[in-house]
>>> print(open('model_36.csv').read())   # CSV, C-alpha atoms
chain,number,residue,atom,x,y,z
S,17,MET,CA,-56.2,32.0,-7.6
S,18,ILE,CA,-58.4,29.1,-6.5
S,19,ILE,CA,-55.8,26.7,-7.9
S,20,TYR,CA,-53.2,27.9,-5.3
S,21,LEU,CA,-55.6,27.4,-2.4
S,22,LYS,CA,-56.5,23.9,-3.8
S,23,LEU,CA,-52.8,22.9,-4.1
S,24,PHE,CA,-52.0,24.2,-0.7
S,25,TRP,CA,-55.0,22.3,0.9
S,26,GLU,CA,-54.3,19.0,-0.9
S,27,PHE,CA,-50.6,19.0,0.1
S,28,PHE,CA,-51.5,20.1,3.6
S,29,LYS,CA,-53.7,17.0,3.9
S,30,ALA,CA,-50.9,14.8,2.4
S,31,GLY,CA,-48.4,16.3,4.9
S,32,LEU,CA,-50.8,15.6,7.8
S,33,PHE,CA,-51.6,12.0,7.0
S,34,ALA,CA,-48.4,10.7,5.2
S,35,ILE,CA,-46.5,9.0,7.9
S,36,GLY,CA,-43.1,7.3,7.6
S,37,GLY,CA,-40.8,8.9,5.1
S,38,GLY,CA,-40.6,9.9,1.4
S,39,MET,CA,-42.6,7.2,-0.4
S,40,ALA,CA,-45.5,7.6,2.0
S,41,THR,CA,-46.5,10.8,0.1
S,42,VAL,CA,-47.0,8.7,-3.1
S,43,PRO,CA,-50.4,7.3,-2.3
S,44,PHE,CA,-51.6,10.8,-1.5
S,45,LEU,CA,-50.3,12.2,-4.7
S,46,GLN,CA,-52.2,9.4,-6.5
S,47,GLU,CA,-55.4,10.3,-4.7
S,48,ILE,CA,-54.8,14.0,-5.8
S,49,SER,CA,-54.3,13.0,-9.4
S,50,ARG,CA,-57.5,10.9,-9.3
S,51,LYS,CA,-59.6,13.6,-7.8
S,52,THR,CA,-58.3,16.6,-9.7
S,53,GLY,CA,-56.8,15.3,-13.0
S,54,TRP,CA,-53.9,17.7,-12.5
S,55,TYR,CA,-51.5,15.0,-13.7
S,56,THR,CA,-51.6,11.4,-14.8
S,57,ALA,CA,-50.3,8.2,-13.2
S,58,GLY,CA,-47.5,8.3,-15.8
S,59,ASP,CA,-46.6,11.8,-14.7
S,60,LEU,CA,-46.4,10.5,-11.2
S,61,ALA,CA,-43.9,7.9,-12.1
S,62,ASP,CA,-41.8,10.6,-13.8
S,63,MET,CA,-42.1,12.7,-10.6
S,64,ILE,CA,-40.8,9.9,-8.5
S,65,ALA,CA,-37.8,9.5,-10.8
S,66,VAL,CA,-37.0,13.2,-10.8
S,67,SER,CA,-37.4,13.3,-7.0
S,68,GLU,CA,-35.1,10.3,-6.5
S,69,SER,CA,-32.5,11.8,-8.7
S,70,THR,CA,-32.2,15.2,-7.1
S,71,PRO,CA,-31.1,16.3,-3.7
S,72,GLY,CA,-33.5,16.9,-0.9
S,73,PRO,CA,-36.4,15.0,0.8
S,74,ILE,CA,-38.5,13.1,-1.7
S,75,GLY,CA,-41.8,14.4,-0.3
S,76,VAL,CA,-40.7,18.0,-0.7
S,77,ASN,CA,-39.4,17.4,-4.2
S,78,MET,CA,-42.7,15.9,-5.2
S,79,ALA,CA,-44.7,18.7,-3.8
S,80,THR,CA,-42.6,21.3,-5.6
S,81,TYR,CA,-42.7,19.3,-8.9
S,82,VAL,CA,-46.5,18.8,-8.8
S,83,GLY,CA,-47.1,22.4,-7.8
S,84,TYR,CA,-44.9,23.8,-10.5
S,85,THR,CA,-46.1,21.6,-13.4
S,86,THR,CA,-49.8,21.8,-12.5
S,87,VAL,CA,-49.9,25.6,-12.3
S,88,SER,CA,-47.4,26.3,-15.2
S,89,ARG,CA,-49.5,24.1,-17.5
S,90,LEU,CA,-52.5,26.4,-16.8
S,91,PHE,CA,-51.0,29.8,-16.3
S,92,GLY,CA,-47.4,29.7,-17.4
S,93,PRO,CA,-44.0,29.2,-15.7
S,94,VAL,CA,-43.9,32.3,-13.5
S,95,ALA,CA,-47.2,31.4,-11.9
S,96,GLY,CA,-45.8,27.8,-11.7
S,97,ILE,CA,-43.0,28.9,-9.4
S,98,LEU,CA,-45.5,30.2,-6.8
S,99,GLY,CA,-47.5,27.0,-7.2
S,100,GLY,CA,-44.4,24.9,-6.3
S,101,ILE,CA,-43.6,27.1,-3.3
S,102,LEU,CA,-47.2,27.0,-2.0
S,103,SER,CA,-47.5,23.2,-2.4
S,104,THR,CA,-44.3,22.7,-0.5
S,105,VAL,CA,-45.3,25.0,2.3
S,106,GLY,CA,-48.6,23.1,2.5
S,107,LEU,CA,-46.9,19.8,2.8
S,108,VAL,CA,-44.4,21.0,5.4
S,109,MET,CA,-46.8,23.1,7.6
S,110,PRO,CA,-48.6,20.3,9.5
S,111,SER,CA,-45.4,18.6,10.5
S,112,VAL,CA,-43.8,21.9,11.6
S,113,ILE,CA,-46.8,22.7,13.8
S,114,ILE,CA,-46.9,19.2,15.2
S,115,ILE,CA,-43.2,19.0,15.9
S,116,LEU,CA,-43.1,22.4,17.6
S,117,ILE,CA,-45.9,21.1,19.9
S,118,VAL,CA,-44.4,17.7,20.5
S,119,ALA,CA,-41.0,19.1,21.3
S,120,ARG,CA,-42.5,20.7,24.4
S,121,PHE,CA,-43.1,17.3,26.0
S,122,LEU,CA,-40.6,15.1,24.1
S,123,GLU,CA,-40.0,12.3,26.6
S,124,LYS,CA,-43.6,11.6,27.4
S,125,PHE,CA,-44.5,11.5,23.8
S,126,ARG,CA,-41.9,8.9,22.9
S,127,GLU,CA,-42.9,6.5,25.7
S,128,ASN,CA,-46.6,7.0,25.4
S,129,ARG,CA,-48.2,3.6,24.9
S,130,TYR,CA,-51.1,5.1,22.8
S,131,VAL,CA,-48.6,6.6,20.4
S,132,ASN,CA,-46.8,3.3,20.1
S,133,ALA,CA,-50.1,1.4,19.7
S,134,ALA,CA,-51.2,3.8,16.9
S,135,MET,CA,-47.8,3.5,15.2
S,136,TYR,CA,-48.1,-0.3,15.2
S,137,GLY,CA,-51.2,0.0,12.9
S,138,LEU,CA,-49.9,3.0,11.0
S,139,ARG,CA,-46.7,1.3,9.8
S,140,ALA,CA,-48.7,-1.5,8.3
S,141,ALA,CA,-51.0,1.1,6.6
S,142,SER,CA,-48.1,3.0,5.2
S,143,VAL,CA,-46.6,-0.1,3.5
S,144,ALA,CA,-50.0,-1.2,2.2
S,145,LEU,CA,-50.6,2.3,0.7
S,146,ILE,CA,-47.2,2.4,-0.9
S,147,SER,CA,-47.7,-1.1,-2.3
S,148,SER,CA,-50.9,0.0,-3.9
S,149,ALA,CA,-49.3,3.1,-5.4
S,150,GLY,CA,-46.5,0.8,-6.7
S,151,ILE,CA,-49.1,-1.5,-8.3
S,152,SER,CA,-50.5,1.4,-10.3
S,153,ILE,CA,-47.1,2.5,-11.4
S,154,VAL,CA,-46.4,-1.1,-12.6
S,155,LEU,CA,-49.7,-1.0,-14.5
S,156,ILE,CA,-48.8,2.1,-16.3
S,157,ALA,CA,-45.1,1.5,-16.8
S,158,VAL,CA,-45.0,-2.2,-17.7
S,159,PHE,CA,-48.6,-3.0,-18.9
S,160,GLN,CA,-49.5,0.4,-20.4
S,161,VAL,CA,-52.9,0.5,-18.8
S,162,ASN,CA,-54.2,3.3,-16.4
S,163,THR,CA,-56.3,1.3,-14.0
S,164,ILE,CA,-56.7,-2.3,-12.9
S,165,GLU,CA,-60.2,-2.5,-14.5
S,166,GLU,CA,-58.5,-2.1,-17.9
S,167,TRP,CA,-56.4,-5.3,-17.5
S,168,ARG,CA,-57.9,-6.8,-20.7
S,169,SER,CA,-56.1,-4.2,-22.8
S,170,ALA,CA,-52.8,-4.7,-21.1
S,171,THR,CA,-49.8,-5.0,-23.5
S,172,ILE,CA,-47.1,-7.5,-22.9
S,173,ASP,CA,-43.9,-5.8,-23.9
S,174,TYR,CA,-40.9,-8.1,-23.2
S,175,ARG,CA,-38.5,-5.2,-23.1
S,176,CYS,CA,-40.2,-3.9,-19.9
S,177,PHE,CA,-40.0,-7.3,-18.2
S,178,VAL,CA,-36.4,-7.8,-19.1
S,179,LEU,CA,-35.4,-4.3,-17.9
S,180,ALA,CA,-37.4,-4.8,-14.7
S,181,ALA,CA,-35.8,-8.2,-14.0
S,182,VAL,CA,-32.3,-6.9,-14.6
S,183,ILE,CA,-32.8,-3.9,-12.3
S,184,LEU,CA,-34.4,-6.1,-9.6
S,185,ILE,CA,-31.4,-8.4,-9.7
S,186,LEU,CA,-28.9,-5.6,-9.7
S,187,THR,CA,-30.5,-3.7,-6.8
S,188,ARG,CA,-31.1,-6.7,-4.6
S,189,TRP,CA,-28.5,-9.4,-5.2
S,190,VAL,CA,-25.4,-8.2,-6.9
S,191,PRO,CA,-22.8,-7.2,-4.3
S,192,LYS,CA,-21.5,-3.6,-4.4
S,193,VAL,CA,-23.8,-2.7,-7.4
S,194,LYS,CA,-26.9,-3.0,-5.1
S,195,ASP,CA,-25.5,-0.3,-2.8
S,196,LEU,CA,-25.2,2.2,-5.7
S,197,HIS,CA,-27.4,5.3,-5.5
S,198,PRO,CA,-30.8,5.0,-7.2
S,199,ILE,CA,-29.8,7.7,-9.6
S,200,CYS,CA,-27.3,5.3,-11.3
S,201,PHE,CA,-30.2,2.8,-12.1
S,202,ILE,CA,-32.4,5.7,-13.2
S,203,ILE,CA,-29.8,6.9,-15.6
S,204,ALA,CA,-29.0,3.4,-16.9
S,205,SER,CA,-32.7,2.8,-17.5
S,206,ALA,CA,-33.0,6.1,-19.4
S,207,VAL,CA,-30.2,5.0,-21.7
S,208,ILE,CA,-31.8,1.6,-22.2
S,209,GLY,CA,-35.1,3.3,-23.0
S,210,ILE,CA,-33.5,5.4,-25.6
S,211,ILE,CA,-31.5,2.6,-27.2
S,212,PHE,CA,-34.6,0.3,-27.5
S,213,HIS,CA,-37.1,3.1,-28.3
S,214,MET,CA,-39.2,2.0,-25.4
S,215,SER,CA,-41.9,4.6,-25.8
S,216,VAL,CA,-42.8,3.1,-29.2
S,217,PRO,CA,-45.0,-0.1,-28.7
S,218,LEU,CA,-43.7,-3.3,-30.4
A,26,MET,CA,-27.5,35.9,13.6
A,27,ILE,CA,-28.5,32.5,14.7
A,28,TYR,CA,-31.6,32.3,12.4
A,29,LEU,CA,-29.5,32.8,9.3
A,30,GLU,CA,-26.9,30.4,10.5
A,31,LEU,CA,-29.7,27.7,11.0
A,32,PHE,CA,-31.1,28.4,7.6
A,33,TRP,CA,-27.7,28.1,5.9
A,34,ALA,CA,-26.7,25.0,7.8
A,35,PHE,CA,-29.9,23.2,6.9
A,36,ALA,CA,-29.8,24.4,3.3
A,37,LYS,CA,-26.4,22.7,3.0
A,38,ILE,CA,-27.9,19.5,4.4
A,39,GLY,CA,-30.8,19.8,1.9
A,40,VAL,CA,-28.4,20.0,-1.0
A,41,MET,CA,-26.2,17.1,0.2
A,42,THR,CA,-29.1,14.7,0.8
A,43,PHE,CA,-29.9,12.5,-2.1
A,44,GLY,CA,-32.7,10.0,-1.7
A,45,GLY,CA,-34.8,10.9,1.2
A,46,GLY,CA,-34.7,11.0,5.0
A,47,TYR,CA,-32.5,8.1,5.9
A,48,ALA,CA,-29.7,9.3,3.6
A,49,MET,CA,-29.7,12.5,5.7
A,50,LEU,CA,-28.7,11.0,9.0
A,51,PRO,CA,-25.0,10.8,8.4
A,52,ILE,CA,-24.9,14.3,7.0
A,53,ILE,CA,-26.8,15.7,10.0
A,54,GLN,CA,-24.5,13.9,12.3
A,55,ARG,CA,-21.5,15.5,10.6
A,56,GLU,CA,-22.8,19.0,10.3
A,57,ILE,CA,-25.0,19.5,13.3
A,58,VAL,CA,-23.5,17.2,15.9
A,59,GLU,CA,-19.8,17.1,15.1
A,60,LYS,CA,-19.1,20.5,13.5
A,61,LYS,CA,-21.7,22.8,15.1
A,62,LYS,CA,-22.2,20.9,18.3
A,63,TRP,CA,-25.8,22.2,18.4
A,64,VAL,CA,-27.2,18.8,19.6
A,65,THR,CA,-25.9,15.5,20.8
A,66,GLU,CA,-25.9,12.2,19.0
A,67,ALA,CA,-28.6,10.9,21.3
A,68,GLU,CA,-30.8,13.9,20.7
A,69,VAL,CA,-30.6,13.4,17.0
A,70,MET,CA,-31.7,9.7,17.4
A,71,ASP,CA,-34.7,10.9,19.4
A,72,TYR,CA,-35.7,13.4,16.8
A,73,TYR,CA,-35.5,10.6,14.2
A,74,ALA,CA,-37.6,8.2,16.2
A,75,ILE,CA,-40.2,10.9,16.7
A,76,GLY,CA,-40.0,12.0,13.1
A,77,GLN,CA,-41.0,8.5,12.1
A,78,CYS,CA,-44.1,8.5,14.2
A,79,THR,CA,-45.3,12.0,13.4
A,80,PRO,CA,-46.7,13.0,10.1
A,81,GLY,CA,-44.5,14.6,7.4
A,82,VAL,CA,-41.1,14.3,5.9
A,83,ILE,CA,-38.5,13.0,8.3
A,84,ALA,CA,-35.8,15.4,7.1
A,85,VAL,CA,-38.2,18.3,7.8
A,86,ASN,CA,-39.1,17.0,11.2
A,87,THR,CA,-35.5,16.7,12.2
A,88,ALA,CA,-34.8,20.3,11.0
A,89,THR,CA,-37.7,21.7,13.0
A,90,PHE,CA,-36.6,19.9,16.1
A,91,THR,CA,-33.0,21.0,15.9
A,92,GLY,CA,-33.9,24.6,15.0
A,93,ARG,CA,-36.3,24.9,17.9
A,94,HIS,CA,-33.8,23.4,20.3
A,95,ILE,CA,-31.2,26.1,19.4
A,96,ALA,CA,-33.4,29.2,18.9
A,97,GLY,CA,-37.0,28.5,19.8
A,98,ASP,CA,-40.0,28.3,17.5
A,99,LEU,CA,-38.7,30.8,15.0
A,100,GLY,CA,-35.5,28.9,14.9
A,101,GLY,CA,-37.5,25.7,14.0
A,102,ILE,CA,-39.2,27.5,11.2
A,103,CYS,CA,-35.9,28.9,9.8
A,104,ALA,CA,-34.2,25.5,9.9
A,105,THR,CA,-37.1,24.0,8.1
A,106,ALA,CA,-37.1,26.8,5.4
A,107,GLY,CA,-33.4,26.1,5.0
A,108,VAL,CA,-33.8,22.3,4.4
A,109,VAL,CA,-36.6,22.9,1.9
A,110,PHE,CA,-35.0,25.8,0.0
A,111,PRO,CA,-32.6,23.9,-2.3
A,112,SER,CA,-35.2,21.4,-3.3
A,113,ILE,CA,-37.6,24.1,-4.4
A,114,VAL,CA,-35.0,25.8,-6.6
A,115,ILE,CA,-33.6,22.6,-8.1
A,116,ILE,CA,-36.9,21.0,-8.8
A,117,THR,CA,-38.4,24.1,-10.3
A,118,VAL,CA,-35.6,24.3,-12.8
A,119,ILE,CA,-35.8,20.7,-13.7
A,120,ALA,CA,-39.6,20.7,-14.0
A,121,ALA,CA,-39.3,23.8,-16.3
A,122,LEU,CA,-36.7,22.0,-18.5
A,123,ILE,CA,-38.7,18.7,-18.7
A,124,ARG,CA,-41.8,20.6,-19.9
A,125,GLY,CA,-39.7,22.1,-22.7
A,126,PHE,CA,-38.3,18.8,-23.9
A,127,ALA,CA,-41.1,16.4,-23.2
A,128,HIS,CA,-42.2,16.1,-26.8
A,129,ILE,CA,-38.8,14.9,-28.1
A,130,GLN,CA,-38.8,11.2,-29.0
A,131,ALA,CA,-35.6,10.4,-27.1
A,132,VAL,CA,-37.0,12.0,-23.9
A,133,GLN,CA,-40.1,9.9,-24.1
A,134,ASP,CA,-38.0,6.8,-24.7
A,135,ALA,CA,-35.9,7.6,-21.7
A,136,LEU,CA,-38.9,8.3,-19.5
A,137,ALA,CA,-40.4,4.9,-20.6
A,138,GLY,CA,-37.2,3.2,-19.4
A,139,ILE,CA,-37.1,5.2,-16.2
A,140,ARG,CA,-40.7,4.3,-15.3
A,141,VAL,CA,-39.8,0.6,-15.3
A,142,CYS,CA,-36.9,1.4,-13.0
A,143,VAL,CA,-39.2,3.4,-10.7
A,144,CYS,CA,-41.4,0.2,-10.2
A,145,ILE,CA,-38.4,-1.6,-8.9
A,146,LEU,CA,-37.3,1.3,-6.6
A,147,VAL,CA,-40.8,1.4,-5.1
A,148,PHE,CA,-40.8,-2.4,-4.7
A,149,ASN,CA,-37.5,-2.3,-2.9
A,150,ALA,CA,-38.7,0.5,-0.6
A,151,VAL,CA,-41.8,-1.6,0.2
A,152,LEU,CA,-39.7,-4.7,1.0
A,153,LYS,CA,-37.5,-2.7,3.4
A,154,MET,CA,-40.5,-1.2,5.2
A,155,TRP,CA,-42.4,-4.5,5.2
A,156,LYS,CA,-39.9,-6.1,7.5
A,157,LYS,CA,-40.4,-3.5,10.2
A,158,ALA,CA,-44.2,-3.0,9.7
A,159,VAL,CA,-45.8,-6.4,9.1
A,160,ILE,CA,-44.7,-8.3,12.1
A,161,ASP,CA,-47.7,-10.4,13.1
A,162,LYS,CA,-51.2,-11.6,12.1
A,163,VAL,CA,-52.9,-8.3,12.9
A,164,THR,CA,-50.5,-6.2,10.9
A,165,LEU,CA,-50.6,-8.7,8.0
A,166,ALA,CA,-54.4,-8.5,8.0
A,167,LEU,CA,-54.3,-4.7,8.1
A,168,TYR,CA,-51.8,-4.7,5.2
A,169,LEU,CA,-54.0,-7.0,3.0
A,170,VAL,CA,-57.3,-5.2,3.8
A,171,ILE,CA,-55.8,-1.7,3.0
A,172,LEU,CA,-54.0,-3.0,-0.1
A,173,ILE,CA,-57.2,-4.5,-1.5
A,174,ALA,CA,-59.4,-1.5,-0.5
A,175,SER,CA,-57.1,0.9,-2.3
A,176,VAL,CA,-56.2,-1.2,-5.4
A,177,PHE,CA,-59.8,-2.3,-6.2
A,178,PHE,CA,-62.0,0.2,-4.5
A,179,ASP,CA,-60.0,3.5,-4.6
A,180,ALA,CA,-60.4,3.9,-0.9
A,181,SER,CA,-59.2,7.2,0.5
A,182,PRO,CA,-55.7,7.0,2.0
A,183,ILE,CA,-56.8,9.4,4.7
A,184,LEU,CA,-59.6,7.0,5.8
A,185,MET,CA,-57.1,4.0,5.7
A,186,VAL,CA,-54.6,5.9,7.9
A,187,VAL,CA,-57.4,6.6,10.4
A,188,VAL,CA,-58.6,3.0,10.4
A,189,ALA,CA,-55.1,1.7,10.9
A,190,ALA,CA,-54.4,4.0,13.8
A,191,ALA,CA,-57.7,3.0,15.5
A,192,THR,CA,-56.9,-0.7,15.0
A,193,GLY,CA,-53.5,-0.2,16.6
A,194,LEU,CA,-55.0,1.6,19.6
A,195,ILE,CA,-57.7,-1.1,20.0
A,196,VAL,CA,-55.3,-4.1,19.7
A,197,LYS,CA,-52.2,-2.7,21.5
A,198,GLY,CA,-53.6,0.3,23.5
A,199,ARG,CA,-55.0,-1.8,26.4
A,200,ALA,CA,-52.7,-4.8,26.3
A,201,ALA,CA,-49.5,-2.8,26.9
A,202,SER,CA,-48.1,-1.4,30.2
>>> encode(input="model_36.csv", output="structure tokens")
Amino acid sequence: MIIYLKLFWEFFKAGLFAIGGGMATVPFLQEISRKTGWYTAGDLADMIAVSESTPGPIGVNMATYVGYTTVSRLFGPVAGILGGILSTVGLVMPSVIIILIVARFLEKFRENRYVNAAMYGLRAASVALISSAGISIVLIAVFQVNTIEEWRSATIDYRCFVLAAVILILTRWVPKVKDLHPICFIIASAVIGIIFHMSVPL
Amino acid sequence: MIYLELFWAFAKIGVMTFGGGYAMLPIIQREIVEKKKWVTEAEVMDYYAIGQCTPGVIAVNTATFTGRHIAGDLGGICATAGVVFPSIVIITVIAALIRGFAHIQAVQDALAGIRVCVCILVFNAVLKMWKKAVIDKVTLALYLVILIASVFFDASPILMVVVAAATGLIVKGRAAS
């Protein structure tokens, strides 16, 4: 029972403080993983991939995925479904409450200089937090270490670097290809992973 | 029954949106502005702007706004439930399947490849946001401080968000107007 309350509360906090779109929830998910051990940094990368490849807002997908996997690991799949729903409700509830309040004085809110001033700082914070989450995912996905303190035991697997470089080029500089949906790159990477047995160290 | 209609319209939007809030804008425009004529183009843009500066998922914020506009607070809640509903169903099914197959070698290989891809997707998202967020010395300093604090000192993201909002208010709160 307590796990449901904990999930709800953790996602409620994420929903309240994650500002500026889908990836903004990632740093909070990382904090949850660090505090509770419900899932690993590697699981988080898988969650991002699943969320990017399925319809719906990424934050919501992540909440459902985390809630389901966390609870079903402990108490089985049926309990997991409720875990997914409660996490999602937790994530969504703060913004629903805030929007229903803000909608009552829409114009004033948008032009309020304090809101704009706070946003000026918050946008920078959001990018910094997502960058930090990105660094942890690079550590786990490319260097096979869990934290930056373990950098001495990092592995250098050239397959990861080559794959990363190819995707970077395809998604940034190749005309037409770079506008493809992320799911295309995710599927291609899965195929490459299977062909080169990427889960087996060299 | 307007509540069911809102739920259904936003469930459709939830299914059709791949890849987060911004991908949703054209679909919202088609369904809610052009077909249903529930709100105007300008109102949708307002919702988006406010969705960006209030906490939470942008798609959800827009759904709440539109639902409330049409049918009051309960309408807002129904529209939100609608936009979230398909994700809950689809993700639960996928999560259940992944747990069943996770031990297979090919699945682990695929996930190893996918994780590398995710690094680049996050990097691209950061670059896109960077251009709008890091615009002067103050925001650059904030960016660096928060990045270092969270990479090396495991700083709480909630604390960082509060510090950033306070910095914004101190730097821009008085100067404006």
>>> closest_atom_pairs(input="model_36.csv", of="region 79-173 of chain A", to="region 27-44 of chain A", cutoff="9 Å", atoms="only C-alpha atoms", output="tab-separated table")
residue	atom	partner	partner_atom	distance
A:Ala84	CA	A:Gly39	CA	8.4
A:Ala88	CA	A:Phe35	CA	7.0
A:Thr91	CA	A:Leu31	CA	8.9
A:Gly92	CA	A:Leu31	CA	6.6
A:Ile95	CA	A:Ile27	CA	8.4
A:Ala96	CA	A:Ile27	CA	7.2
A:Leu99	CA	A:Tyr28	CA	7.7
A:Gly100	CA	A:Tyr28	CA	5.7
A:Gly101	CA	A:Leu31	CA	8.6
A:Ile102	CA	A:Phe32	CA	8.9
A:Cys103	CA	A:Phe32	CA	5.3
A:Ala104	CA	A:Phe32	CA	4.8
A:Thr105	CA	A:Phe35	CA	7.3
A:Ala106	CA	A:Phe32	CA	6.6
A:Gly107	CA	A:Phe32	CA	4.2
A:Val108	CA	A:Gly39	CA	4.6
A:Val109	CA	A:Gly39	CA	6.6
A:Phe110	CA	A:Ala36	CA	6.3
A:Pro111	CA	A:Val40	CA	5.9
A:Ser112	CA	A:Gly39	CA	7.0
>>> closest_atom_pairs(input="model_36.csv", of="region 110-189 of chain A", to="region 49-54 of chain S", cutoff="12 Å", atoms="all atoms listed in the file", output="tab-separated table")
residue	atom	partner	partner_atom	distance
A:Asp179	CA	S:Arg50	CA	9.1
A:Ala180	CA	S:Arg50	CA	11.3
A:Ser181	CA	S:Lys51	CA	10.5
>>> closest_residue(input="model_36.csv", among="S:Val82, S:Arg188, S:Arg175, S:Arg129", to="Ile211 (chain S)", atoms="all atoms listed in the file")
S:Arg175
>>> atom_distance(input="model_36.csv", atom1="CA of Ser205 (chain S)", atom2="CA of Gly138 (chain A)")
4.9 Å
>>> atom_distance(input="model_36.csv", atom1="CA of Ile48 (chain S)", atom2="CA of Ile75 (chain A)")
27.0 Å
>>> closest_residue(input="model_36.csv", among="S:Leu122, S:Val178, S:Leu60, S:Val193", to="Gly209 (chain S)", atoms="all atoms listed in the file")
S:Val178
>>> closest_residue(input="model_36.csv", among="S:Ile202, S:Ala157, S:Ile97, S:Val118", to="Tyr72 (chain A)", atoms="only C-alpha atoms")
S:Val118
>>> atom_distance(input="model_36.csv", atom1="CA of Ser152 (chain S)", atom2="CA of Ala181 (chain S)")
17.9 Å
>>> residues_around(input="model_36.csv", residues="region 182-199 of chain A", least_positions_apart="3", cutoff="8 Å", atoms="all atoms listed in the file", output="PDB file with C-alpha atoms, in the frame of the given file")
ATOM      1  CA  PHE S  33     -51.600  12.000   7.000  1.00  0.00           C
ATOM      2  CA  PRO S  43     -50.400   7.300  -2.300  1.00  0.00           C
ATOM      3  CA  PHE S  44     -51.600  10.800  -1.500  1.00  0.00           C
ATOM      4  CA  GLU S  47     -55.400  10.300  -4.700  1.00  0.00           C
ATOM      5  CA  ARG S 129     -48.200   3.600  24.900  1.00  0.00           C
ATOM      6  CA  TYR S 130     -51.100   5.100  22.800  1.00  0.00           C
ATOM      7  CA  ALA S 133     -50.100   1.400  19.700  1.00  0.00           C
ATOM      8  CA  ALA S 134     -51.200   3.800  16.900  1.00  0.00           C
ATOM      9  CA  MET S 135     -47.800   3.500  15.200  1.00  0.00           C
ATOM     10  CA  TYR S 136     -48.100  -0.300  15.200  1.00  0.00           C
ATOM     11  CA  GLY S 137     -51.200   0.000  12.900  1.00  0.00           C
ATOM     12  CA  LEU S 138     -49.900   3.000  11.000  1.00  0.00           C
ATOM     13  CA  ALA S 140     -48.700  -1.500   8.300  1.00  0.00           C
ATOM     14  CA  ALA S 141     -51.000   1.100   6.600  1.00  0.00           C
ATOM     15  CA  SER S 142     -48.100   3.000   5.200  1.00  0.00           C
ATOM     16  CA  LEU S 145     -50.600   2.300   0.700  1.00  0.00           C
TER      17      LEU S 145
ATOM     18  CA  LEU A 167     -54.300  -4.700   8.100  1.00  0.00           C
ATOM     19  CA  ILE A 171     -55.800  -1.700   3.000  1.00  0.00           C
ATOM     20  CA  SER A 175     -57.100   0.900  -2.300  1.00  0.00           C
ATOM     21  CA  SER A 202     -48.100  -1.400  30.200  1.00  0.00           C
TER      22      SER A 202
END
>>> closest_residue(input="model_36.csv", among="S:Leu218, S:Ile172, S:Ala204, S:Ile19", to="chain A", atoms="only C-alpha atoms")
S:Ala204
>>> closest_residue(input="model_36.csv", among="A:Val85, A:Ile53, A:Ala127, A:Ala67", to="chain S", atoms="all atoms listed in the file")
A:Val85
>>> closest_residue(input="model_36.csv", among="S:Ile74, S:Val112, S:Ile101, S:Ala61", to="Val158 (chain S)", atoms="only C-alpha atoms")
S:Ala61
>>> residues_around(input="model_36.csv", residues="Val143 (chain S)", least_positions_apart="3", cutoff="9 Å", atoms="all atoms listed in the file", output="NGL selection string")
(:S and (40 or 138-140 or 146-148)) or (:A and (150-152 or 154-155 or 158-159 or 168 or 172))
